[in-house]
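Contents: one structure, followed by commentary.
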Amino acid sequence: MSDDLPRSTENGRVGPVVASVVPRFAGPATFARLPRLDEVSDVDVAVVGVPFDAGVSYRPGARFGPAHVRESSRLLRPYNPALDVSPFGRQQVADAGDIAVNPFSIDEAVRAIEAGSDALLDRAGRLLTIGGDHTIALPLLRSLTRRHGPVAVVHFDAHLDTWDTYFGAATTHGTPFRRASEEGLLDLSGCLHVGIRGPLYDAADLTEDAELGFQTVHAREMEDLGTRGVTERIRERVEDRPVYVSVDIDVLDPAFAPGTGTPESGGLLSRELLAILRAFAGLNLVGADIVEVAPAYDHAEITGIAASHAAYELLSVMALSDGK
């Protein structure tokens with residue numbers, strides 16, 4: 001260890017700084033106050049930030065998302081009672097810092113994200129990536145599928161993100177899953193959107209989306225299905241496939257996530273999102289991202305706290321997944 005901060009340890013894994021000794025508001029803001037990647041030897045999961053938002057189509061600012069989510073994660077604790085697991089004791093989790101990318105060139109940034117993911121996956125079994133805008137999902141999937149083959153994607157979002165272009169640009173935060181489908185990165189028999197809502201450009205948006213391999217659970221179905229019904233839909237769709245979870249924080253209603261670039265009314269409750277994410281326990285979860293947190297529009301860390309808790313649930317289910 002390169003510092004002398006007292007940390008919790010379990011099963012030989014190094015965990016967060018002990019909050020009863022060092023106040024949560026003190027010290028470096030790594031995710032959940034976990035050790036940095038250079039402070040541990042073996043790593044099961046690396047938490048990495050990608051501060052990039054040149055692919056947004058409306059409000060910018062998600063480049064500051066990784067730092068905001070880390071700062072908002074200071075209250076996370078080592079034991080998850082909802083899943084009866086200690087995510088930092090069952091696996092070694094470390095904060096890998098940020099993949100710094102060119103803010104002026106989307107193409108160059110995408111290449112750098114892909115290369116950065118490759119390098120981290122050589123060291124860690126899984127990545128939990130904090131964006132940044134949703135553009136980053138494309139290079140992350142390119143990197144991941146070289147190790148696992150085509151993956152099922154469960155995509156939590158208000159928007160489909162399978163549009164073709166924006167202003168002639170093929171790679172933006174609204175296009176990653178169309179490009180991923182076209183490139184053969186997706187297992188088309190296992191992909192699902194959750195939380196889609198709001199106006200579309202045309203009825204054909206949904207038709208084209210289905211042709212790209214996605215089924216959809218619309219936000220308007222939440223009241224009838226409930227979290228149990230949604231989790232059943234996910235499990236039936238994913239089965240035992242390698243699955244990647246991509247969470248756009250705007251899947252939440254703006255009441256629970258105001259700090260995002262393209263908010264839509266009528267979204268999920270934070271309680272609903274966390275409950276649904278727990279359904280991935282026991283599945284073959286090979287990676288995940290949380291994107292589109294834009295702190296300039298946040299208040300009292302409402303969005304950052306929601307995102308950090310979503311990340312915590314994803315780390316918890318990674319500890320319980322079949323890929324472990």
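Residues in the structure tokens are named by chain (A, B, ... in the order shown) and by number from 1 within that chain; ligands are numbered from 1 in the order shown.
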
How close does each residue of stretch 194-259 of chain A get to stretch 282-286 of chain A, giving the shortest atom pair and distance in Å to one decimal for every residue with an atom at most 6 Å away, counting only C-alpha atoms, sorted by chain and residue number, as JSON lines?
```
{"residue": "A:Pro242", "atom": "CA", "partner": "A:Asn284", "partner_atom": "CA", "distance": 5.1}
{"residue": "A:Val243", "atom": "CA", "partner": "A:Leu285", "partner_atom": "CA", "distance": 5.0}
{"residue": "A:Tyr244", "atom": "CA", "partner": "A:Val286", "partner_atom": "CA", "distance": 5.8}
```

Using only C-alpha atoms, find each residue of stretch 119-198 of chain A with at least one atom at most 6 Å away from an atom of stretch 204-216 of chain A; report its shortest atom-to-atom pair and that distance in Å (one decimal), sort the rows by chain and rising residue number, and return the result as CSV.
```
residue,atom,partner,partner_atom,distance
A:Ser181,CA,A:Leu212,CA,6.0
A:Leu188,CA,A:Gly213,CA,4.4
A:Cys191,CA,A:Phe214,CA,5.0
A:Leu192,CA,A:Gln215,CA,4.8
A:His193,CA,A:Thr216,CA,4.6
```

So that each row is one residue of stretch 158-211 of chain A with an atom at most 8 Å from stretch 128-150 of chain A, can you give its shortest atom pair and the distance in Å to one decimal, using only C-alpha atoms, rows by chain and rising number, as JSON lines?
```
{"residue": "A:Thr171", "atom": "CA", "partner": "A:Thr135", "partner_atom": "CA", "distance": 6.7}
{"residue": "A:Thr172", "atom": "CA", "partner": "A:Thr135", "partner_atom": "CA", "distance": 5.1}
{"residue": "A:His173", "atom": "CA", "partner": "A:Thr135", "partner_atom": "CA", "distance": 4.1}
{"residue": "A:Gly174", "atom": "CA", "partner": "A:His134", "partner_atom": "CA", "distance": 7.3}
{"residue": "A:Thr175", "atom": "CA", "partner": "A:Thr135", "partner_atom": "CA", "distance": 7.4}
{"residue": "A:Pro176", "atom": "CA", "partner": "A:Leu138", "partner_atom": "CA", "distance": 5.1}
{"residue": "A:Phe177", "atom": "CA", "partner": "A:Leu138", "partner_atom": "CA", "distance": 7.1}
{"residue": "A:Arg179", "atom": "CA", "partner": "A:Leu138", "partner_atom": "CA", "distance": 7.3}
{"residue": "A:Ala180", "atom": "CA", "partner": "A:Leu138", "partner_atom": "CA", "distance": 6.2}
{"residue": "A:Gly184", "atom": "CA", "partner": "A:Pro150", "partner_atom": "CA", "distance": 6.7}
{"residue": "A:Leu185", "atom": "CA", "partner": "A:Pro150", "partner_atom": "CA", "distance": 4.7}
{"residue": "A:Leu186", "atom": "CA", "partner": "A:Pro150", "partner_atom": "CA", "distance": 4.6}
{"residue": "A:Asp187", "atom": "CA", "partner": "A:Pro150", "partner_atom": "CA", "distance": 5.0}
```

Keeping only N, CA, C and O atoms, write the selected residues as a PDB file, in the first residue's frame.
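After the write, part_18.pdb holds the following:
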```
ATOM      1  N   THR A 171     -21.318   8.265 -34.971  1.00  0.00           N
ATOM      2  CA  THR A 171     -20.957   7.845 -33.617  1.00  0.00           C
ATOM      3  C   THR A 171     -21.282   8.969 -32.648  1.00  0.00           C
ATOM      4  O   THR A 171     -20.545   9.959 -32.559  1.00  0.00           O
ATOM      5  N   THR A 172     -22.386   8.816 -31.932  1.00  0.00           N
ATOM      6  CA  THR A 172     -22.826   9.798 -30.949  1.00  0.00           C
ATOM      7  C   THR A 172     -23.463   9.043 -29.787  1.00  0.00           C
ATOM      8  O   THR A 172     -23.560   7.817 -29.801  1.00  0.00           O
ATOM      9  N   HIS A 173     -23.972   9.803 -28.826  1.00  0.00           N
ATOM     10  CA  HIS A 173     -24.599   9.129 -27.681  1.00  0.00           C
ATOM     11  C   HIS A 173     -25.980   8.571 -28.028  1.00  0.00           C
ATOM     12  O   HIS A 173     -26.567   7.846 -27.211  1.00  0.00           O
ATOM     13  N   GLY A 174     -26.491   8.877 -29.206  1.00  0.00           N
ATOM     14  CA  GLY A 174     -27.775   8.327 -29.624  1.00  0.00           C
ATOM     15  C   GLY A 174     -27.675   7.172 -30.602  1.00  0.00           C
ATOM     16  O   GLY A 174     -28.699   6.652 -31.059  1.00  0.00           O
ATOM     17  N   THR A 175     -26.440   6.726 -30.913  1.00  0.00           N
ATOM     18  CA  THR A 175     -26.260   5.706 -31.948  1.00  0.00           C
ATOM     19  C   THR A 175     -25.475   4.463 -31.533  1.00  0.00           C
ATOM     20  O   THR A 175     -25.290   3.570 -32.363  1.00  0.00           O
ATOM     21  N   PRO A 176     -24.996   4.327 -30.283  1.00  0.00           N
ATOM     22  CA  PRO A 176     -24.026   3.253 -30.016  1.00  0.00           C
ATOM     23  C   PRO A 176     -24.550   1.850 -30.254  1.00  0.00           C
ATOM     24  O   PRO A 176     -23.807   0.970 -30.707  1.00  0.00           O
ATOM     25  N   PHE A 177     -25.830   1.624 -29.979  1.00  0.00           N
ATOM     26  CA  PHE A 177     -26.320   0.252 -30.077  1.00  0.00           C
ATOM     27  C   PHE A 177     -26.719  -0.117 -31.508  1.00  0.00           C
ATOM     28  O   PHE A 177     -26.746  -1.309 -31.839  1.00  0.00           O
ATOM     29  N   ARG A 179     -24.731   0.892 -34.040  1.00  0.00           N
ATOM     30  CA  ARG A 179     -23.405   0.530 -34.531  1.00  0.00           C
ATOM     31  C   ARG A 179     -22.979  -0.840 -33.975  1.00  0.00           C
ATOM     32  O   ARG A 179     -22.413  -1.662 -34.697  1.00  0.00           O
ATOM     33  N   ALA A 180     -23.270  -1.076 -32.696  1.00  0.00           N
ATOM     34  CA  ALA A 180     -22.876  -2.346 -32.092  1.00  0.00           C
ATOM     35  C   ALA A 180     -23.602  -3.513 -32.753  1.00  0.00           C
ATOM     36  O   ALA A 180     -23.012  -4.574 -32.990  1.00  0.00           O
ATOM     37  N   GLY A 184     -21.893  -6.681 -35.274  1.00  0.00           N
ATOM     38  CA  GLY A 184     -21.925  -8.045 -34.769  1.00  0.00           C
ATOM     39  C   GLY A 184     -21.460  -8.192 -33.338  1.00  0.00           C
ATOM     40  O   GLY A 184     -21.070  -9.286 -32.914  1.00  0.00           O
ATOM     41  N   LEU A 185     -21.518  -7.103 -32.558  1.00  0.00           N
ATOM     42  CA  LEU A 185     -21.065  -7.146 -31.170  1.00  0.00           C
ATOM     43  C   LEU A 185     -22.134  -7.701 -30.229  1.00  0.00           C
ATOM     44  O   LEU A 185     -21.815  -8.072 -29.102  1.00  0.00           O
ATOM     45  N   LEU A 186     -23.382  -7.756 -30.696  1.00  0.00           N
ATOM     46  CA  LEU A 186     -24.503  -8.113 -29.838  1.00  0.00           C
ATOM     47  C   LEU A 186     -25.028  -9.511 -30.150  1.00  0.00           C
ATOM     48  O   LEU A 186     -25.091  -9.915 -31.311  1.00  0.00           O
ATOM     49  N   ASP A 187     -25.424 -10.218 -29.103  1.00  0.00           N
ATOM     50  CA  ASP A 187     -26.195 -11.445 -29.263  1.00  0.00           C
ATOM     51  C   ASP A 187     -27.650 -11.004 -29.434  1.00  0.00           C
ATOM     52  O   ASP A 187     -28.328 -10.654 -28.462  1.00  0.00           O
TER      53      ASP A 187
END
```

- Query: Do you know which residues are at most 8 Å from stretch 37-42 of chain A counting only C-alpha atoms, after dropping those on the same chain fewer than 2 positions away, and could you put them as a PyMOL selection string?
  - Reply: chain A and resi 1-2+14+35+44+46+92+94-97+123-124

- Just the alpha helix (DSSP H) stuff from stretch 90-322 of chain A, please, per backbone DSSP, written as a ChimeraX atom specification. /A:90,106-121,137-148,176-182,204-211,222-238,270-277,302-320

- Task: Please indicate the distance in Å from atom CA of A:Ala67 to atom CA of A:Ala169, rounded to one decimal place.
- Result: 27.7 Å

Residues within 8 Å of A:Ile302, please, as an mmCIF file with all heavy atoms, in the first residue's frame. Count only C-alpha atoms; anything in the same chain fewer than 5 positions from it doesn't count.
```cif
data_model
loop_
_atom_site.group_PDB
_atom_site.id
_atom_site.type_symbol
_atom_site.label_atom_id
_atom_site.label_comp_id
_atom_site.auth_asym_id
_atom_site.auth_seq_id
_atom_site.Cartn_x
_atom_site.Cartn_y
_atom_site.Cartn_z
ATOM 1 N N PHE A 256 -35.612 12.007 -9.639
ATOM 2 C CA PHE A 256 -34.569 11.217 -8.991
ATOM 3 C C PHE A 256 -33.215 11.383 -9.663
ATOM 4 O O PHE A 256 -32.201 10.975 -9.102
ATOM 5 C CB PHE A 256 -34.958 9.737 -8.992
ATOM 6 C CG PHE A 256 -36.258 9.476 -8.299
ATOM 7 C CD1 PHE A 256 -37.436 9.442 -9.015
ATOM 8 C CD2 PHE A 256 -36.311 9.309 -6.926
ATOM 9 C CE1 PHE A 256 -38.652 9.225 -8.380
ATOM 10 C CE2 PHE A 256 -37.519 9.094 -6.281
ATOM 11 C CZ PHE A 256 -38.700 9.054 -7.011
ATOM 12 N N ALA A 257 -33.208 11.963 -10.870
ATOM 13 C CA ALA A 257 -31.950 12.175 -11.592
ATOM 14 C C ALA A 257 -32.061 13.430 -12.448
ATOM 15 O O ALA A 257 -32.113 13.359 -13.679
ATOM 16 C CB ALA A 257 -31.622 10.962 -12.458
ATOM 17 N N PRO A 258 -32.082 14.595 -11.800
ATOM 18 C CA PRO A 258 -32.151 15.841 -12.576
ATOM 19 C C PRO A 258 -30.863 16.154 -13.318
ATOM 20 O O PRO A 258 -30.872 16.865 -14.320
ATOM 21 C CB PRO A 258 -32.441 16.903 -11.512
ATOM 22 C CG PRO A 258 -31.864 16.334 -10.252
ATOM 23 C CD PRO A 258 -32.089 14.849 -10.346
ATOM 24 N N GLY A 259 -29.753 15.607 -12.838
ATOM 25 C CA GLY A 259 -28.444 15.951 -13.394
ATOM 26 C C GLY A 259 -28.085 15.086 -14.570
ATOM 27 O O GLY A 259 -27.187 14.241 -14.491
#
```

- Query: Got a sec to tell me which of stretch 7-200 of chain A DSSP assigns to strand (DSSP E), as a VMD selection string?
  - Reply: chain A and resid 7 to 10 13 to 17 43 to 50 93 to 98 124 to 131 152 to 156 191 to 196

- By how many Å are atom CA of A:Asn80 and atom CA of A:Met318 apart?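 Atom CA of A:Met318 lies 12.6 Å from atom CA of A:Asn80.
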
- Counting only C-alpha atoms, what is within 6 Å of stretch 246-249 of chain A, bar same-chain residues fewer than 5 positions away, as a PyMOL selection string? chain A and resi 155-157+288-292

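Checking A:Met222, A:Val245, A:Ala279, A:Ala158 one by one against A:Ala82, counting only C-alpha atoms, you find the shortest gap at A:Ala279.
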
- Message: For a quick check of understanding, using only C-alpha atoms, which of A:Gly261, A:Val93, A:Val154, A:Val18 has the smallest distance to A:Tyr58?
- Response: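 Between A:Gly261, A:Val93, A:Val154, A:Val18, the residue approaching A:Tyr58 most closely is A:Gly261.
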
- Distance criterion (only C-alpha atoms): nearest to A:Phe167 out of A:Arg24, A:Pro66, A:Gly55, A:Ser316: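 Nearest to A:Phe167: A:Gly55.
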